[in-house]
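Visitor: Contents of target_22.txt (compact mmCIF, C-alpha atoms) are given next:
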```txt
# COMPACT_ATOMS: atom_id res chain seq x y z
CA MET R 1 138.38 147.23 127.98
CA PRO R 2 135.02 146.08 126.59
CA SER R 3 134.13 142.39 127.15
CA THR R 4 134.48 140.06 124.12
CA HIS R 5 131.94 137.50 125.29
CA VAL R 6 129.67 136.39 122.42
CA SER R 7 126.07 135.43 123.06
CA GLU R 8 124.65 132.12 121.85
CA TYR R 9 122.52 133.94 119.28
CA GLU R 10 125.53 135.90 117.95
CA GLN R 11 127.65 132.74 117.76
CA GLN R 12 124.94 130.97 115.75
CA ARG R 13 124.74 133.93 113.38
CA LEU R 14 128.49 133.86 112.81
CA ASP R 15 128.45 130.12 112.18
CA ASN R 16 125.76 130.59 109.54
CA ILE R 17 127.83 133.31 107.85
CA ARG R 18 130.92 131.07 107.82
CA GLN R 19 129.00 128.12 106.35
CA ASN R 20 127.52 130.32 103.61
CA ARG R 21 130.92 131.78 102.81
CA GLU R 22 132.54 128.32 102.62
CA LEU R 23 129.84 127.25 100.17
CA LEU R 24 130.51 130.31 97.99
CA VAL R 25 134.27 129.58 98.07
CA SER R 26 133.69 125.94 97.05
CA LEU R 27 131.79 127.21 94.03
CA ASN R 28 134.64 129.61 93.18
CA LEU R 29 132.29 132.57 93.47
CA ILE R 30 134.46 134.41 96.02
CA GLY R 31 137.98 134.13 97.38
CA ASP R 32 138.74 132.72 100.81
CA THR R 33 140.30 135.86 102.33
CA HIS R 34 138.24 136.24 105.50
CA ASP R 35 139.77 135.45 108.89
CA TYR R 36 137.07 133.81 111.01
CA SER R 37 139.26 133.46 114.02
CA THR R 38 138.71 137.07 114.98
CA SER R 39 135.14 137.50 113.71
CA ALA R 40 133.42 136.71 117.00
CA ALA R 41 135.68 138.95 119.04
CA ASP R 42 135.50 141.86 116.60
CA THR R 43 131.74 141.66 116.28
CA SER R 44 131.23 141.42 120.03
CA ALA R 45 133.58 144.33 120.65
CA HIS R 46 131.71 146.43 118.06
CA ILE R 47 128.33 145.71 119.64
CA THR R 48 129.59 146.33 123.18
CA GLY R 49 131.21 149.56 122.04
CA ARG R 50 127.96 150.81 120.55
CA ARG R 51 126.15 150.06 123.79
CA GLN R 52 128.77 151.94 125.75
CA ILE R 53 128.36 155.01 123.53
CA VAL R 54 124.57 154.99 123.99
CA LYS R 55 125.01 154.64 127.76
CA GLU R 56 127.41 157.60 127.86
CA LYS R 57 124.98 159.77 125.89
CA LYS R 58 122.17 158.97 128.32
CA THR R 59 124.42 159.91 131.22
CA GLN R 60 125.29 163.21 129.53
CA ARG R 61 121.59 164.04 129.03
CA LYS R 62 120.82 163.34 132.69
CA THR R 63 123.67 165.59 133.76
CA SER R 64 122.46 168.35 131.41
CA ASP R 65 118.92 168.09 132.77
CA ALA R 66 120.17 168.30 136.34
CA GLU R 67 122.15 171.41 135.55
CA ALA R 68 119.24 173.01 133.71
CA SER R 69 116.95 172.52 136.71
CA GLY R 70 119.31 174.47 138.99
CA ASP R 71 119.01 178.09 140.04
CA GLU R 72 118.77 180.47 137.09
CA ALA R 73 121.40 182.70 138.69
CA GLU R 74 124.00 180.04 137.92
CA TRP R 75 123.44 180.76 134.25
CA GLY R 76 124.07 184.45 134.65
CA GLY R 77 120.57 185.18 133.44
CA THR R 78 121.43 183.93 129.95
CA LYS R 79 119.48 180.68 130.15
CA ARG R 80 116.09 179.83 131.53
CA PRO R 81 115.86 176.68 133.68
CA ARG R 82 113.81 173.92 132.07
CA SER R 83 110.33 173.80 133.56
CA ARG R 84 109.01 170.46 134.70
CA ILE R 85 105.35 169.44 134.84
CA THR R 86 104.35 167.40 137.85
CA ALA R 87 102.12 164.50 136.86
CA GLN R 88 98.70 164.77 138.43
CA PRO R 89 97.10 161.70 139.98
CA SER R 90 94.48 160.18 137.71
CA ARG R 91 90.86 160.51 138.79
CA ARG R 92 89.09 157.32 139.65
CA SER R 93 85.48 156.55 140.34
CA LYS R 94 84.32 155.34 143.72
CA ARG R 95 83.98 151.85 142.27
CA LEU R 96 87.63 151.82 141.16
CA ARG R 97 88.70 153.26 144.53
CA GLY R 98 86.89 150.43 146.25
CA GLU R 99 84.37 152.74 147.91
CA SER R 100 80.64 152.19 148.20
CA ALA R 101 78.28 154.14 145.93
CA GLU R 102 75.96 156.77 147.35
CA PRO R 103 72.78 155.19 148.69
CA THR R 104 69.70 155.67 146.54
CA THR R 105 66.86 157.82 147.79
CA PRO R 106 63.37 156.43 148.37
CA ALA R 107 62.20 158.25 145.22
CA GLU R 108 64.98 156.63 143.18
CA ASP R 109 64.14 153.22 144.62
CA LEU R 110 60.55 153.72 143.50
CA VAL R 111 61.67 154.61 139.96
CA ILE R 112 63.87 151.50 139.83
CA GLU R 113 61.00 149.32 141.02
CA THR R 114 58.20 150.76 138.91
CA GLY R 115 59.96 152.40 135.97
CA ASP R 116 57.86 155.54 136.61
CA ILE R 117 60.11 158.64 136.63
CA ARG R 118 57.47 160.99 137.96
CA GLY R 119 58.80 160.48 141.46
CA LEU R 120 61.87 162.49 140.40
CA LEU R 121 59.83 165.37 138.97
CA SER R 122 58.41 168.40 140.71
CA GLU R 123 55.55 170.70 139.88
CA ALA R 124 56.39 174.26 138.88
CA SER R 125 54.79 175.60 142.07
CA LEU R 126 57.37 173.62 144.06
CA HIS R 127 60.35 174.10 141.75
CA PHE R 128 60.27 177.88 141.28
CA THR R 129 60.55 180.62 143.87
CA GLY R 130 57.87 183.17 144.76
CA PRO R 131 58.91 186.03 142.42
CA VAL R 132 59.03 183.70 139.40
CA LEU R 133 55.61 182.24 140.17
CA ASP R 134 54.12 185.69 140.75
CA SER R 135 55.12 186.93 137.28
CA ALA R 136 54.52 183.67 135.36
CA ILE R 137 51.75 183.30 132.79
CA ARG R 138 49.48 180.36 133.56
CA VAL R 139 47.99 178.27 130.74
CA ASN R 140 46.08 175.00 130.50
CA GLY R 141 47.99 173.65 127.50
CA HIS R 142 45.56 174.85 124.82
CA TYR R 143 45.72 177.61 122.22
CA THR R 144 42.31 179.20 121.64
CA GLY R 145 43.15 181.65 118.85
CA TRP R 146 43.24 181.45 115.06
CA VAL R 147 45.62 182.69 112.37
CA GLU R 148 47.03 186.15 113.06
CA PRO R 149 44.47 188.60 111.53
CA ALA R 150 46.86 190.36 109.13
CA VAL R 151 48.19 187.03 107.83
CA GLN R 152 44.64 185.72 107.50
CA GLU R 153 43.61 188.73 105.42
CA ARG R 154 46.68 188.65 103.18
CA LEU R 155 46.21 184.97 102.36
CA GLY R 156 42.42 185.02 102.13
CA LEU R 157 41.94 182.35 104.81
CA GLU R 158 38.63 181.40 106.38
CA SER R 159 37.75 182.53 109.90
CA ASN R 160 37.91 179.13 111.61
CA SER R 161 39.11 175.57 111.09
CA THR R 162 35.76 174.06 110.16
CA ALA R 163 35.05 176.66 107.47
CA ALA R 164 38.60 176.31 106.12
CA TRP R 165 38.32 172.52 105.84
CA GLU R 166 34.91 172.49 104.20
CA SER R 167 35.68 175.33 101.78
CA GLN R 168 38.53 173.28 100.30
CA GLY R 169 36.56 170.11 99.61
CA GLY R 170 36.11 168.74 103.12
CA GLY R 171 36.42 164.98 103.47
CA LYS R 172 37.27 162.79 106.43
CA PHE R 173 40.51 163.71 108.14
CA SER R 174 42.95 161.02 109.21
CA PHE R 175 46.69 160.91 109.64
CA LYS R 176 46.89 158.38 106.80
CA ASP R 177 44.86 160.73 104.59
CA PRO R 178 45.68 164.23 105.91
CA LEU R 179 44.48 165.93 102.72
CA GLY R 180 41.01 164.44 103.08
CA THR R 181 40.98 163.23 99.47
CA GLY R 182 40.39 159.57 100.22
CA LYS R 183 43.85 158.72 98.90
CA ARG R 184 46.68 157.59 101.14
CA ILE R 185 49.87 159.60 100.83
CA THR R 186 52.98 157.48 100.28
CA LYS R 187 56.64 158.27 99.76
CA LYS R 188 56.28 157.42 96.05
CA SER R 189 53.75 160.22 95.58
CA VAL R 190 56.10 162.83 97.06
CA PRO R 191 58.61 164.76 94.88
CA SER R 192 62.18 163.63 95.29
CA GLY R 193 64.05 165.36 98.11
CA GLN R 194 60.98 166.21 100.21
CA SER R 195 59.67 164.52 103.32
CA VAL R 196 56.09 163.29 103.27
CA ALA R 197 55.17 165.49 106.24
CA LYS R 198 56.50 168.71 104.71
CA TYR R 199 55.01 167.94 101.31
CA VAL R 200 51.57 167.28 102.79
CA ALA R 201 51.76 170.44 104.90
CA SER R 202 52.57 172.51 101.83
CA LYS R 203 49.21 171.47 100.31
CA LEU R 204 47.15 172.56 103.32
CA LEU R 205 47.61 176.33 103.51
CA LYS R 206 43.90 177.11 103.07
CA LYS R 207 42.38 173.80 104.14
CA ASN R 208 44.31 173.21 107.36
CA PRO R 209 46.40 176.30 108.26
CA ASN R 210 47.63 174.73 111.49
CA ALA R 211 49.25 171.87 109.58
CA TYR R 212 50.70 174.23 106.98
CA PHE R 213 52.25 176.71 109.43
CA TYR R 214 53.65 173.96 111.63
CA ARG R 215 56.29 173.36 108.93
CA HIS R 216 56.16 176.45 106.72
CA THR R 217 56.29 180.21 107.11
CA GLU R 218 53.94 182.51 105.27
CA PRO R 219 54.68 182.28 101.52
CA GLY R 220 57.53 184.64 100.67
CA VAL R 221 58.75 184.95 104.26
CA VAL R 222 62.18 183.51 105.09
CA GLN R 223 62.36 181.08 107.99
CA TRP R 224 64.88 182.00 110.66
CA THR R 225 66.96 179.51 112.57
CA GLY R 226 69.15 179.83 115.63
CA ASP R 227 68.61 181.71 118.89
CA TRP R 228 65.43 183.65 119.48
CA THR R 229 65.60 187.41 119.99
CA ASP R 230 64.22 189.22 123.02
CA GLU R 231 61.55 190.73 120.78
CA GLU R 232 60.43 187.28 119.62
CA ARG R 233 60.29 186.09 123.21
CA ASP R 234 58.12 189.05 124.19
CA VAL R 235 55.72 188.38 121.30
CA PHE R 236 55.57 184.71 122.27
CA LEU R 237 54.64 185.55 125.86
CA ASN R 238 52.08 188.16 124.82
CA VAL R 239 50.32 185.68 122.50
CA ALA R 240 50.36 183.04 125.24
CA ARG R 241 48.92 185.52 127.70
CA GLU R 242 46.04 186.36 125.35
CA PHE R 243 45.24 183.01 123.72
CA GLY R 244 47.04 180.40 125.82
CA CYS R 245 49.46 177.87 124.31
CA GLY R 246 50.49 174.23 124.37
CA ASP R 247 48.93 172.91 121.15
CA LYS R 248 48.06 174.10 117.63
CA TRP R 249 51.58 175.49 117.30
CA GLY R 250 51.13 176.15 113.60
CA LEU R 251 48.39 178.70 114.27
CA PHE R 252 50.34 180.12 117.21
CA SER R 253 53.42 180.68 115.04
CA THR R 254 51.55 183.00 112.62
CA TYR R 255 52.00 185.74 115.24
CA ILE R 256 55.79 185.33 115.10
CA PRO R 257 57.16 186.07 111.59
CA HIS R 258 60.06 183.90 110.39
CA ARG R 259 59.24 181.08 112.82
CA VAL R 260 57.20 177.94 112.21
CA GLY R 261 55.13 175.81 114.56
CA TYR R 262 57.68 173.19 115.50
CA GLN R 263 60.18 175.93 116.39
CA CYS R 264 57.64 177.46 118.77
CA SER R 265 56.98 174.05 120.31
CA ASN R 266 60.69 173.42 120.87
CA TYR R 267 61.25 176.91 122.27
CA TYR R 268 58.36 176.40 124.68
CA ARG R 269 59.67 173.10 125.99
CA GLN R 270 63.39 173.92 126.05
CA TYR R 271 63.38 177.54 127.25
CA VAL R 272 60.01 178.98 128.25
CA ILE R 273 58.88 176.27 130.68
CA PRO R 274 62.33 175.72 132.30
CA ALA R 275 62.67 179.50 132.82
CA GLY R 276 59.32 179.69 134.60
CA TRP R 277 57.92 182.33 132.21
CA ILE R 278 54.84 180.17 131.67
CA ILE R 279 53.34 177.63 134.07
CA ASP R 280 51.68 174.71 132.29
CA ASP R 281 50.50 171.82 134.48
CA ASN R 282 51.15 169.45 131.59
CA TYR R 283 54.87 169.91 132.31
CA GLN R 284 56.95 169.21 135.39
CA ILE R 285 60.61 169.97 136.07
CA ASP R 286 63.21 167.29 136.64
CA SER R 287 66.25 167.52 138.92
CA THR R 288 68.38 169.00 136.12
CA GLY R 289 65.90 171.79 135.39
CA HIS R 290 64.51 170.34 132.15
CA ALA R 291 60.81 170.32 131.31
CA VAL R 292 59.17 166.90 131.06
CA TYR R 293 55.74 166.44 129.51
CA VAL R 294 53.38 164.59 131.84
CA GLY R 295 50.04 165.40 130.19
CA LYS R 296 47.95 163.27 127.91
CA HIS R 297 49.48 162.37 124.56
CA LYS R 298 47.21 163.44 121.75
CA ARG R 299 47.52 164.91 118.27
CA SER R 300 45.68 167.91 116.93
CA ASN R 301 45.00 168.74 113.30
```
What would the structure in this file look like if it were written as structure tokens?

Guide:
Amino acid sequence: MPSTHVSEYEQQRLDNIRQNRELLVSLNLIGDTHDYSTSAADTSAHITGRRQIVKEKKTQRKTSDAEASGDEAEWGGTKRPRSRITAQPSRRSKRLRGESAEPTTPAEDLVIETGDIRGLLSEASLHFTGPVLDSAIRVNGHYTGWVEPAVQERLGLESNSTAAWESQGGGKFSFKDPLGTGKRITKKSVPSGQSVAKYVASKLLKKNPNAYFYRHTEPGVVQWTGDWTDEERDVFLNVAREFGCGDKWGLFSTYIPHRVGYQCSNYYRQYVIPAGWIIDDNYQIDSTGHAVYVGKHKRSN
């Protein structure tokens, strides 16, 4: 038999109901037909009964789960036992496990003390193996060529940078006045939707081809994006072998249709150097295999 004990909270609730009902009766809004003598017991029995039903359902589920986890033969092959996933222990760092961190190396201590990361870098001659070094192209970080001859002829470009600059009005070059007109280029003077750098480059096809081709392909040629093909890689390496590479990427890119200078620069740093296809002393390799520039920082027009 379920217990009829009423909690203090439940008793207070019932008292509030009785007081409200008595007030309604005194106002002749309802009739006094409710028997309060059994309210507490009935309510408590109802609540206790509900709890008992929930408890019985939980017990039934546990029994069903235990049966389902038994041998499948007990089901005559008609039911598949419920599979259970064993919880894996969570991974914790050494700090959370209360263990000491790995000791730093002398090279790492030097980086911490000086802020100079070069102690963690290695030269290509030390990073790569013999076969890679034997087949690698060696450059000094400079491109010595000019615009690809066929492109130069099609566009009517001069034969060198000095002639190109002077033939288009000359002037003093500076990064504040890249057109050499004596007027500073500002964002307000650029058509809406274009960056200053790309707008300026578009004006320099014949005056400064390196600047133009760094951000633009030959007029009428679609720029490709995405992974480089094996054929493009071979052309890249052949041009580097003949003229060197490492700067003047706009001029360099004229040998590779559909690519612009900054794409060649990124490809060089992210793929060519880390693969050991070209050895450039301006780059060293870090412990993760990435190329890090360690040469002098300068800008070329």

Visitor: Tell me which of R:Tyr214, R:Gln223, R:Val151, R:Gly289 sits closest to Asn266 of chain R, counting all atoms listed in the file.

Guide: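 Of all the options, R:Tyr214 lies closest to Asn266 of chain R.
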
Visitor: Would you mind telling me which residue in R:Asp15, R:Asp177, R:Glu231, R:Asp286 lies nearest to Ala197 of chain R when using all atoms listed in the file?

Guide: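 For Ala197 of chain R, the nearest of the given residues is R:Asp177.
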
Visitor: Would you compute, for all listed atoms of segment 235-248 of chain R, the axis-aligned bounding box grown by 5 Å on each side, and then report its centre and edge lengths in Å rounded to one decimal, as lines of an AutoDock Vina configuration file?

Guide:
```
center_x = 50.5
center_y = 180.6
center_z = 122.7
size_x = 20.5
size_y = 25.5
size_z = 20.1
```

Visitor: So how far away is atom CA of Leu251 of chain R from atom CA of Asn210 of chain R, in Å?

Guide: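 It comes out at 4.9 Å.
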
Visitor: What is the atom CA of Ser122 of chain R to atom CA of Ser253 of chain R distance in Å?

Guide: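 Result for atom CA of Ser122 of chain R versus atom CA of Ser253 of chain R: 28.9 Å, one decimal.
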
Visitor: Could you check how far atom CA of Thr144 of chain R sits from atom CA of Trp249 of chain R, in Å to one decimal?

Guide: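 These atoms are spaced 10.9 Å apart.
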
Visitor: Identify, on the basis of only C-alpha atoms, every residue whose closest approach to Lys172 of chain R does not exceed 8 Å; exclude the query and any residue fewer than 5 positions from it along the same chain; express the result as a list in words.

Guide: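 So the residues in contact are Gly180, Thr181 and Gly182 of chain R.
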
Visitor: Counting only C-alpha atoms, which residues come within 10 Å of (50.8, 170.3, 108.0), with the point read in the file's coordinates, and could you list them as number ranges by chain?

Guide: R: 178-179, 196-205, 207-216, 250, 261, 301

Visitor: Which residues come within 10 Å of Pro274 of chain R, counting all atoms listed in the file, excluding same-chain residues fewer than 5 positions away, as a ChimeraX atom specification?

Guide: /R:124,127-128,268-269,279,283-286,288-292

Visitor: Name the residues in contact with Val222 of chain R at a cut-off of 10 Å, using only C-alpha atoms, excluding same-chain residues fewer than 5 positions from it; report them as a list in words.

Guide: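 So the residues in contact are His216, Thr217, Pro257, His258 and Arg259 of chain R.
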
Visitor: Keeping C-alpha atoms, export the residues of the selection given above as a PDB file, in the frame of the given file.

Guide:
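Once everything was written out, this is part.pdb:
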```
ATOM      1  CA  HIS R 216      56.160 176.450 106.720  1.00  0.00           C
ATOM      2  CA  THR R 217      56.290 180.210 107.110  1.00  0.00           C
ATOM      3  CA  PRO R 257      57.160 186.070 111.590  1.00  0.00           C
ATOM      4  CA  HIS R 258      60.060 183.900 110.390  1.00  0.00           C
ATOM      5  CA  ARG R 259      59.240 181.080 112.820  1.00  0.00           C
TER       6      ARG R 259
END
```

Visitor: List the neighbours of Arg154 of chain R out to 12 Å using all atoms listed in the file; skip same-chain residues closer than 5 positions along the sequence, and give me the result as a PDB file with C-alpha atoms, keeping the file's coordinate frame.

Guide:
```pdb
ATOM      1  CA  VAL R 147      45.620 182.690 112.370  1.00  0.00           C
ATOM      2  CA  GLU R 148      47.030 186.150 113.060  1.00  0.00           C
ATOM      3  CA  PRO R 149      44.470 188.600 111.530  1.00  0.00           C
ATOM      4  CA  LYS R 206      43.900 177.110 103.070  1.00  0.00           C
ATOM      5  CA  GLU R 218      53.940 182.510 105.270  1.00  0.00           C
ATOM      6  CA  PRO R 219      54.680 182.280 101.520  1.00  0.00           C
ATOM      7  CA  GLY R 220      57.530 184.640 100.670  1.00  0.00           C
TER       8      GLY R 220
END
```
